Amino acid sequence: MPNRVVLNSSGLKISQPGFNVLTANNAQLQFSSDWSAMGVVQSGTYDLTSWSVSTSTALHSGTIPLVKTFSTPPFCVFYLLQGGYEAPLFYGHGGAVMVDRGDNSNPSRSALVIQVGTTSISVRGMYYKASSGVATPFYNMRFFVFDNNL
Amino acid sequence: MVGRVVLGLKQGVYGLFVSPPGVEVTTAPNANLLISTTTKNLQVIARGSFTSSGGNANISWPAAGFRPRLLVSSQLGAYFTYTSDNSATISVSSIMQTQLGFVWGIAGTTPTLSTTIYWMVLSSNA
């Protein structure tokens with residue numbers, strides 16, 4: 001049975017099953033203290049329910065406070081929640097999602113912009129409707145904020 | 001007080017196991033642990049950022065002995081290609097800002113997307 005764990009002045013290394021930790025390369029390790037661990041530091045949901053509506057357009061602006069101040073914007077993952085399903089929106093430090101819906105009788109368009117800062121996440125949305133009766137876009141999201149020790 | 005850390009043998013498997021506060025590490029399911037080396041832990045080998053509104057940028061990171069997974073995050077739109085096991089070229093396009101203007105402009109001032117490109121190198125294979 002190969003050695004699996006080594007803890008010495010060089011740190012802590014744990015090899016994958018079947019590999020000797022004393023001779024394993026980095027690809028054969030389960031864990032190495034040479035690298036930083038990453039974990040979820042915050043999670044939650046955010047719903048775009050409040051809109052400032054004018055004649056044919058509406059705007060949303062909101063903020064998700066972060067549980068701590070980061071030195072650089074943290075890595076985040078966003079999912080769109082709809083009908084019991086979760087669809088990946090984007091990962092990283094925010095992005096823009098644009099949906100240009102429409103048909104020949106009632107064109108509409110909507111957009112969502114999420115930007116991750118060091119103390120909060122900014123959420124902005126808009127939609128346009130050429131006539132009344134167009135349903136408000138359904139933007140309910142689940143998010144995860146990651147932290148590491150680098 | 002419960003045991004929180006095992007560095008050694010847990011339920012027949014050698015590794016590192018760390019439980020949440022209040023949970024006995026020796027009996028907790030591995031899925032409930034803060035750290036369990038029964039699977040490869042996702043760790044960050046390196047990370048960085050640069051500013052760009054378009055064009056290519058070359059990045060590199062400390063050699064890990066294998067080609068690790070690179071994550072690139074850009075609000076403008078970016079893609080990358082590996083140039084070696086410890087380097088890559090990131091290509092940035094401002095197309096998202098342009099497209100956003102077409103959609104948002106009718107409602108007011110279009111948000112300005114960040115030109116900062118973030119990247120992370122993870123300990124999983126590419």
# chains A, B, ... in the order shown; residues from 1 in each chain; ligands from 1
>>> residues_around(residues="B:Pro21", least_positions_apart="3", cutoff="10 Å", atoms="only C-alpha atoms", output="ChimeraX atom specification")
/B:1-4,18,24-25,33-34
>>> write_last_selection(atoms="C-alpha atoms", output="CSV table (one decimal), in the first residue's frame")
chain,number,residue,atom,x,y,z
B,1,MET,CA,-16.3,18.6,22.6
B,2,VAL,CA,-16.2,16.8,19.3
B,3,GLY,CA,-13.2,15.8,17.3
B,4,ARG,CA,-12.6,18.1,14.4
B,18,VAL,CA,-11.9,18.4,8.9
B,24,GLU,CA,-17.6,14.6,15.1
B,25,VAL,CA,-15.2,14.1,12.3
B,33,LEU,CA,-17.0,17.8,6.0
B,34,LEU,CA,-15.3,21.1,5.4
>>> interface_residues(of="chain B", to="chain A", cutoff="10 Å", atoms="only C-alpha atoms", output="short mmCIF file (atom, residue, chain, number, x, y, z; two decimals) with N, CA, C and O atoms, in the first residue's frame")
data_model
loop_
_atom_site.label_atom_id
_atom_site.label_comp_id
_atom_site.auth_asym_id
_atom_site.auth_seq_id
_atom_site.Cartn_x
_atom_site.Cartn_y
_atom_site.Cartn_z
N LEU B 7 -5.96 13.49 10.57
CA LEU B 7 -4.91 13.40 9.56
C LEU B 7 -4.37 11.99 9.68
O LEU B 7 -3.50 11.69 10.49
N GLY B 8 -4.93 11.12 8.83
CA GLY B 8 -4.58 9.71 8.95
C GLY B 8 -5.72 8.86 8.47
O GLY B 8 -6.29 9.12 7.42
N LEU B 9 -6.12 7.85 9.25
CA LEU B 9 -7.10 6.86 8.82
C LEU B 9 -8.48 7.20 9.36
O LEU B 9 -8.67 7.37 10.56
N VAL B 13 -9.94 4.82 5.20
CA VAL B 13 -9.30 5.61 4.13
C VAL B 13 -8.34 6.61 4.76
O VAL B 13 -8.70 7.31 5.71
N TYR B 14 -7.13 6.68 4.18
CA TYR B 14 -6.13 7.65 4.67
C TYR B 14 -6.35 9.01 4.01
O TYR B 14 -6.67 9.10 2.81
N GLY B 15 -6.19 10.08 4.78
CA GLY B 15 -6.31 11.41 4.20
C GLY B 15 -6.40 12.48 5.27
O GLY B 15 -6.06 12.26 6.43
N LEU B 16 -6.91 13.64 4.86
CA LEU B 16 -7.14 14.76 5.77
C LEU B 16 -8.64 15.01 5.81
O LEU B 16 -9.27 15.14 4.77
N LEU B 34 -15.87 19.91 6.04
CA LEU B 34 -15.30 21.11 5.43
C LEU B 34 -14.19 20.74 4.46
O LEU B 34 -14.06 21.34 3.40
N ILE B 35 -13.39 19.77 4.84
CA ILE B 35 -12.31 19.29 3.99
C ILE B 35 -12.32 17.77 4.02
O ILE B 35 -12.39 17.18 5.09
N SER B 36 -12.26 17.17 2.87
CA SER B 36 -12.14 15.72 2.76
C SER B 36 -11.29 15.42 1.54
O SER B 36 -11.61 15.87 0.45
N THR B 37 -10.23 14.70 1.75
CA THR B 37 -9.33 14.40 0.62
C THR B 37 -9.69 13.09 -0.06
O THR B 37 -8.88 12.51 -0.77
N THR B 38 -10.91 12.59 0.15
CA THR B 38 -11.35 11.42 -0.60
C THR B 38 -11.58 11.77 -2.06
O THR B 38 -11.65 10.90 -2.91
N THR B 39 -11.74 13.04 -2.33
CA THR B 39 -11.79 13.52 -3.71
C THR B 39 -10.76 14.62 -3.87
O THR B 39 -10.29 15.19 -2.89
N LYS B 40 -10.43 14.92 -5.11
CA LYS B 40 -9.43 15.96 -5.36
C LYS B 40 -10.00 17.31 -4.96
O LYS B 40 -11.06 17.71 -5.43
N ASN B 41 -9.31 18.00 -4.08
CA ASN B 41 -9.77 19.31 -3.64
C ASN B 41 -9.52 20.35 -4.73
O ASN B 41 -8.46 20.36 -5.36
N LEU B 42 -10.50 21.22 -4.91
CA LEU B 42 -10.35 22.30 -5.88
C LEU B 42 -9.57 23.44 -5.22
O LEU B 42 -10.04 24.03 -4.25
N GLN B 43 -8.36 23.67 -5.72
CA GLN B 43 -7.53 24.71 -5.13
C GLN B 43 -7.08 25.69 -6.21
O GLN B 43 -7.11 25.39 -7.40
N VAL B 44 -6.69 26.86 -5.76
CA VAL B 44 -6.28 27.92 -6.67
C VAL B 44 -4.75 27.95 -6.73
O VAL B 44 -4.10 28.20 -5.73
N ILE B 45 -4.20 27.68 -7.90
CA ILE B 45 -2.75 27.69 -8.08
C ILE B 45 -2.24 29.11 -8.24
O ILE B 45 -1.19 29.48 -7.71
N ALA B 46 -2.97 29.92 -8.99
CA ALA B 46 -2.57 31.30 -9.22
C ALA B 46 -3.77 32.09 -9.70
O ALA B 46 -4.76 31.52 -10.17
N ARG B 47 -3.68 33.39 -9.61
CA ARG B 47 -4.74 34.24 -10.15
C ARG B 47 -4.13 35.58 -10.51
O ARG B 47 -3.02 35.93 -10.08
N GLY B 48 -4.85 36.34 -11.35
CA GLY B 48 -4.35 37.65 -11.75
C GLY B 48 -5.41 38.44 -12.49
O GLY B 48 -6.55 37.97 -12.64
N SER B 49 -5.07 39.62 -12.92
CA SER B 49 -5.99 40.45 -13.67
C SER B 49 -5.20 41.45 -14.51
O SER B 49 -4.03 41.71 -14.25
N ALA B 63 4.68 26.71 -13.03
CA ALA B 63 4.49 25.37 -13.58
C ALA B 63 4.05 24.42 -12.47
O ALA B 63 4.60 24.41 -11.37
N ALA B 64 3.02 23.62 -12.79
CA ALA B 64 2.47 22.69 -11.81
C ALA B 64 2.77 21.25 -12.17
O ALA B 64 2.41 20.34 -11.45
N GLY B 65 3.38 21.05 -13.34
CA GLY B 65 3.67 19.69 -13.78
C GLY B 65 2.55 19.07 -14.57
O GLY B 65 2.63 17.92 -14.99
N PHE B 66 1.46 19.83 -14.80
CA PHE B 66 0.36 19.37 -15.63
C PHE B 66 -0.34 20.62 -16.16
O PHE B 66 -0.06 21.73 -15.74
N ARG B 67 -1.27 20.45 -17.09
CA ARG B 67 -2.01 21.59 -17.62
C ARG B 67 -3.27 21.78 -16.79
O ARG B 67 -4.21 20.98 -16.88
N PRO B 68 -3.31 22.82 -15.96
CA PRO B 68 -4.46 23.02 -15.08
C PRO B 68 -5.58 23.77 -15.79
O PRO B 68 -5.39 24.40 -16.83
N LEU B 71 -9.69 29.56 -15.71
CA LEU B 71 -10.97 30.27 -15.76
C LEU B 71 -10.69 31.73 -16.11
O LEU B 71 -9.85 32.35 -15.50
N VAL B 72 -11.40 32.24 -17.11
CA VAL B 72 -11.25 33.64 -17.51
C VAL B 72 -12.60 34.32 -17.35
O VAL B 72 -13.62 33.81 -17.78
N SER B 73 -12.59 35.48 -16.72
CA SER B 73 -13.82 36.22 -16.47
C SER B 73 -13.70 37.61 -17.06
O SER B 73 -12.79 38.36 -16.72
N SER B 74 -14.63 37.94 -17.96
CA SER B 74 -14.62 39.26 -18.59
C SER B 74 -16.05 39.69 -18.86
O SER B 74 -16.83 38.93 -19.40
N GLN B 75 -16.37 40.91 -18.52
CA GLN B 75 -17.70 41.42 -18.81
C GLN B 75 -17.82 41.79 -20.29
O GLN B 75 -18.91 41.84 -20.84
N LEU B 76 -16.70 42.07 -20.93
CA LEU B 76 -16.74 42.50 -22.32
C LEU B 76 -16.90 41.33 -23.28
O LEU B 76 -17.50 41.46 -24.33
N GLY B 77 -16.34 40.19 -22.89
CA GLY B 77 -16.31 39.03 -23.79
C GLY B 77 -14.87 38.64 -24.03
O GLY B 77 -14.09 39.45 -24.53
N MET B 96 -19.60 42.90 -26.27
CA MET B 96 -20.70 42.91 -25.31
C MET B 96 -21.13 44.35 -25.00
O MET B 96 -22.32 44.63 -24.85
N GLN B 97 -20.16 45.28 -24.91
CA GLN B 97 -20.50 46.67 -24.64
C GLN B 97 -21.31 47.25 -25.80
O GLN B 97 -22.30 47.96 -25.60
N GLN B 99 -23.18 45.54 -28.04
CA GLN B 99 -24.49 44.91 -28.09
C GLN B 99 -25.39 45.42 -26.97
O GLN B 99 -26.60 45.62 -27.16
N LEU B 100 -24.79 45.62 -25.79
CA LEU B 100 -25.57 46.12 -24.67
C LEU B 100 -26.14 47.51 -24.99
O LEU B 100 -27.27 47.83 -24.63
N VAL B 103 -29.34 47.37 -26.96
CA VAL B 103 -30.52 46.94 -26.22
C VAL B 103 -30.91 47.96 -25.16
O VAL B 103 -32.07 48.33 -25.02
N TRP B 104 -29.93 48.44 -24.38
CA TRP B 104 -30.21 49.28 -23.23
C TRP B 104 -30.43 50.73 -23.60
O TRP B 104 -31.12 51.46 -22.90
N GLY B 105 -29.83 51.16 -24.70
CA GLY B 105 -29.86 52.58 -25.04
C GLY B 105 -31.24 53.18 -25.11
O GLY B 105 -31.43 54.36 -24.84
N ILE B 106 -32.23 52.35 -25.43
CA ILE B 106 -33.58 52.88 -25.57
C ILE B 106 -34.18 53.25 -24.21
O ILE B 106 -35.13 54.03 -24.12
N ALA B 107 -33.63 52.69 -23.11
CA ALA B 107 -34.19 52.93 -21.79
C ALA B 107 -33.43 53.98 -21.01
O ALA B 107 -33.88 54.42 -19.96
N GLY B 108 -32.28 54.40 -21.50
CA GLY B 108 -31.51 55.37 -20.75
C GLY B 108 -30.03 55.17 -20.98
O GLY B 108 -29.61 54.63 -22.01
N THR B 110 -26.61 53.53 -20.98
CA THR B 110 -26.15 52.14 -20.95
C THR B 110 -25.08 51.95 -19.89
O THR B 110 -24.15 52.76 -19.80
N PRO B 111 -25.19 50.92 -19.04
CA PRO B 111 -24.12 50.67 -18.06
C PRO B 111 -22.79 50.45 -18.75
O PRO B 111 -22.72 49.88 -19.84
N THR B 112 -21.73 50.93 -18.12
CA THR B 112 -20.38 50.74 -18.65
C THR B 112 -19.80 49.45 -18.07
O THR B 112 -19.68 49.32 -16.85
N LEU B 113 -19.48 48.51 -18.93
CA LEU B 113 -18.92 47.24 -18.47
C LEU B 113 -17.45 47.41 -18.11
O LEU B 113 -16.74 48.20 -18.71
N SER B 114 -17.03 46.66 -17.13
CA SER B 114 -15.65 46.76 -16.67
C SER B 114 -14.68 46.24 -17.72
O SER B 114 -14.96 45.26 -18.41
N THR B 116 -11.68 45.25 -16.82
CA THR B 116 -10.74 44.40 -16.10
C THR B 116 -11.01 42.94 -16.42
O THR B 116 -12.15 42.48 -16.32
N ILE B 117 -9.99 42.23 -16.82
CA ILE B 117 -10.07 40.81 -17.13
C ILE B 117 -9.46 40.04 -15.96
O ILE B 117 -8.31 40.28 -15.58
N TYR B 118 -10.21 39.14 -15.36
CA TYR B 118 -9.73 38.33 -14.24
C TYR B 118 -9.47 36.90 -14.72
O TYR B 118 -10.20 36.38 -15.56
N TRP B 119 -8.45 36.27 -14.16
CA TRP B 119 -8.20 34.87 -14.49
C TRP B 119 -7.75 34.12 -13.25
O TRP B 119 -7.17 34.69 -12.32
N MET B 120 -8.08 32.82 -13.22
CA MET B 120 -7.70 31.94 -12.10
C MET B 120 -7.24 30.61 -12.68
O MET B 120 -7.84 30.12 -13.63
N LEU B 122 -6.85 26.71 -11.67
CA LEU B 122 -7.32 25.77 -10.67
C LEU B 122 -6.51 24.48 -10.71
O LEU B 122 -5.88 24.16 -11.72
N SER B 123 -6.58 23.73 -9.62
CA SER B 123 -5.74 22.54 -9.50
C SER B 123 -6.31 21.33 -10.24
O SER B 123 -5.73 20.26 -10.21
N SER B 124 -7.46 21.48 -10.90
CA SER B 124 -7.99 20.36 -11.69
C SER B 124 -7.32 20.35 -13.05
O SER B 124 -6.83 21.39 -13.53
N ASN B 125 -7.36 19.21 -13.72
CA ASN B 125 -6.76 19.12 -15.04
C ASN B 125 -7.55 19.90 -16.07
O ASN B 125 -8.76 20.06 -15.95
#
>>> select_by_dssp(residues="chain B", states="helix (DSSP H, G or I)", output="PyMOL selection string")
chain B and resi 30-32+95-104
>>> select_by_dssp(residues="stretch 38-111 of chain B", states="strand (DSSP E)", output="VMD selection string")
chain B and resid 43 to 51 55 to 60 68 to 73 78 to 84 87 to 92
>>> write_last_selection(atoms="N, CA and C atoms", output="mmCIF file, in the first residue's frame")
data_model
loop_
_atom_site.group_PDB
_atom_site.id
_atom_site.type_symbol
_atom_site.label_atom_id
_atom_site.label_comp_id
_atom_site.auth_asym_id
_atom_site.auth_seq_id
_atom_site.Cartn_x
_atom_site.Cartn_y
_atom_site.Cartn_z
ATOM 1 N N GLN B 43 -8.363 23.673 -5.719
ATOM 2 C CA GLN B 43 -7.527 24.706 -5.133
ATOM 3 C C GLN B 43 -7.084 25.691 -6.207
ATOM 4 N N VAL B 44 -6.693 26.863 -5.765
ATOM 5 C CA VAL B 44 -6.284 27.921 -6.672
ATOM 6 C C VAL B 44 -4.754 27.949 -6.734
ATOM 7 N N ILE B 45 -4.205 27.679 -7.903
ATOM 8 C CA ILE B 45 -2.752 27.691 -8.080
ATOM 9 C C ILE B 45 -2.241 29.111 -8.238
ATOM 10 N N ALA B 46 -2.974 29.917 -8.985
ATOM 11 C CA ALA B 46 -2.566 31.300 -9.224
ATOM 12 C C ALA B 46 -3.767 32.093 -9.703
ATOM 13 N N ARG B 47 -3.682 33.387 -9.611
ATOM 14 C CA ARG B 47 -4.738 34.242 -10.145
ATOM 15 C C ARG B 47 -4.127 35.582 -10.515
ATOM 16 N N GLY B 48 -4.847 36.344 -11.345
ATOM 17 C CA GLY B 48 -4.349 37.649 -11.750
ATOM 18 C C GLY B 48 -5.410 38.437 -12.485
ATOM 19 N N SER B 49 -5.070 39.622 -12.919
ATOM 20 C CA SER B 49 -5.990 40.454 -13.671
ATOM 21 C C SER B 49 -5.201 41.445 -14.514
ATOM 22 N N PHE B 50 -5.840 41.972 -15.533
ATOM 23 C CA PHE B 50 -5.259 43.041 -16.336
ATOM 24 C C PHE B 50 -6.402 43.824 -16.953
ATOM 25 N N THR B 51 -6.100 44.984 -17.496
ATOM 26 C CA THR B 51 -7.110 45.852 -18.101
ATOM 27 C C THR B 51 -6.974 45.819 -19.612
ATOM 28 N N GLY B 55 -8.182 43.061 -27.977
ATOM 29 C CA GLY B 55 -6.861 42.566 -28.322
ATOM 30 C C GLY B 55 -6.449 41.364 -27.500
ATOM 31 N N ASN B 56 -5.197 40.942 -27.671
ATOM 32 C CA ASN B 56 -4.662 39.750 -27.005
ATOM 33 C C ASN B 56 -3.734 40.108 -25.859
ATOM 34 N N ALA B 57 -3.715 39.246 -24.849
ATOM 35 C CA ALA B 57 -2.799 39.396 -23.725
ATOM 36 C C ALA B 57 -2.265 38.026 -23.347
ATOM 37 N N ASN B 58 -0.975 37.949 -23.051
ATOM 38 C CA ASN B 58 -0.350 36.692 -22.651
ATOM 39 C C ASN B 58 -0.214 36.634 -21.139
ATOM 40 N N ILE B 59 -0.583 35.511 -20.561
ATOM 41 C CA ILE B 59 -0.442 35.317 -19.119
ATOM 42 C C ILE B 59 0.330 34.020 -18.875
ATOM 43 N N SER B 60 0.906 33.919 -17.692
ATOM 44 C CA SER B 60 1.591 32.693 -17.304
ATOM 45 C C SER B 60 1.459 32.505 -15.802
ATOM 46 N N PRO B 68 -3.310 22.817 -15.960
ATOM 47 C CA PRO B 68 -4.462 23.020 -15.076
ATOM 48 C C PRO B 68 -5.578 23.770 -15.791
ATOM 49 N N ARG B 69 -6.772 23.735 -15.204
ATOM 50 C CA ARG B 69 -7.936 24.406 -15.760
ATOM 51 C C ARG B 69 -7.820 25.909 -15.531
ATOM 52 N N LEU B 70 -7.944 26.679 -16.609
ATOM 53 C CA LEU B 70 -7.911 28.135 -16.541
ATOM 54 C C LEU B 70 -9.335 28.673 -16.613
ATOM 55 N N LEU B 71 -9.690 29.556 -15.715
ATOM 56 C CA LEU B 71 -10.966 30.268 -15.765
ATOM 57 C C LEU B 71 -10.690 31.727 -16.114
ATOM 58 N N VAL B 72 -11.399 32.244 -17.106
ATOM 59 C CA VAL B 72 -11.247 33.637 -17.507
ATOM 60 C C VAL B 72 -12.598 34.324 -17.352
ATOM 61 N N SER B 73 -12.591 35.481 -16.724
ATOM 62 C CA SER B 73 -13.815 36.223 -16.472
ATOM 63 C C SER B 73 -13.699 37.612 -17.065
ATOM 64 N N ALA B 78 -14.488 37.429 -23.646
ATOM 65 C CA ALA B 78 -13.112 36.993 -23.812
ATOM 66 C C ALA B 78 -13.069 35.495 -24.008
ATOM 67 N N TYR B 79 -12.029 35.023 -24.683
ATOM 68 C CA TYR B 79 -11.778 33.605 -24.804
ATOM 69 C C TYR B 79 -10.266 33.414 -24.752
ATOM 70 N N PHE B 80 -9.831 32.170 -24.556
ATOM 71 C CA PHE B 80 -8.393 31.965 -24.391
ATOM 72 C C PHE B 80 -7.965 30.678 -25.100
ATOM 73 N N THR B 81 -6.663 30.549 -25.291
ATOM 74 C CA THR B 81 -6.060 29.329 -25.780
ATOM 75 C C THR B 81 -4.783 29.080 -24.993
ATOM 76 N N TYR B 82 -4.553 27.825 -24.621
ATOM 77 C CA TYR B 82 -3.310 27.485 -23.936
ATOM 78 C C TYR B 82 -2.156 27.592 -24.941
ATOM 79 N N THR B 83 -1.049 28.169 -24.513
ATOM 80 C CA THR B 83 0.172 28.195 -25.332
ATOM 81 C C THR B 83 1.220 27.252 -24.763
ATOM 82 N N SER B 84 1.037 26.802 -23.540
ATOM 83 C CA SER B 84 1.879 25.783 -22.920
ATOM 84 C C SER B 84 1.135 25.311 -21.671
ATOM 85 N N SER B 87 1.001 28.634 -19.522
ATOM 86 C CA SER B 87 0.767 29.938 -20.145
ATOM 87 C C SER B 87 -0.423 29.862 -21.087
ATOM 88 N N ALA B 88 -0.987 31.047 -21.358
ATOM 89 C CA ALA B 88 -2.139 31.116 -22.250
ATOM 90 C C ALA B 88 -2.229 32.516 -22.845
ATOM 91 N N THR B 89 -2.943 32.624 -23.950
ATOM 92 C CA THR B 89 -3.253 33.911 -24.561
ATOM 93 C C THR B 89 -4.742 34.167 -24.413
ATOM 94 N N ILE B 90 -5.091 35.312 -23.845
ATOM 95 C CA ILE B 90 -6.481 35.697 -23.654
ATOM 96 C C ILE B 90 -6.833 36.758 -24.695
ATOM 97 N N SER B 91 -7.912 36.536 -25.427
ATOM 98 C CA SER B 91 -8.359 37.475 -26.447
ATOM 99 C C SER B 91 -9.617 38.181 -25.945
ATOM 100 N N VAL B 92 -9.607 39.503 -26.005
ATOM 101 C CA VAL B 92 -10.691 40.320 -25.461
ATOM 102 C C VAL B 92 -11.386 41.051 -26.601
#
>>> atom_distance(atom1="atom CA of A:Thr55", atom2="atom CA of A:Ser122")
25.0 Å
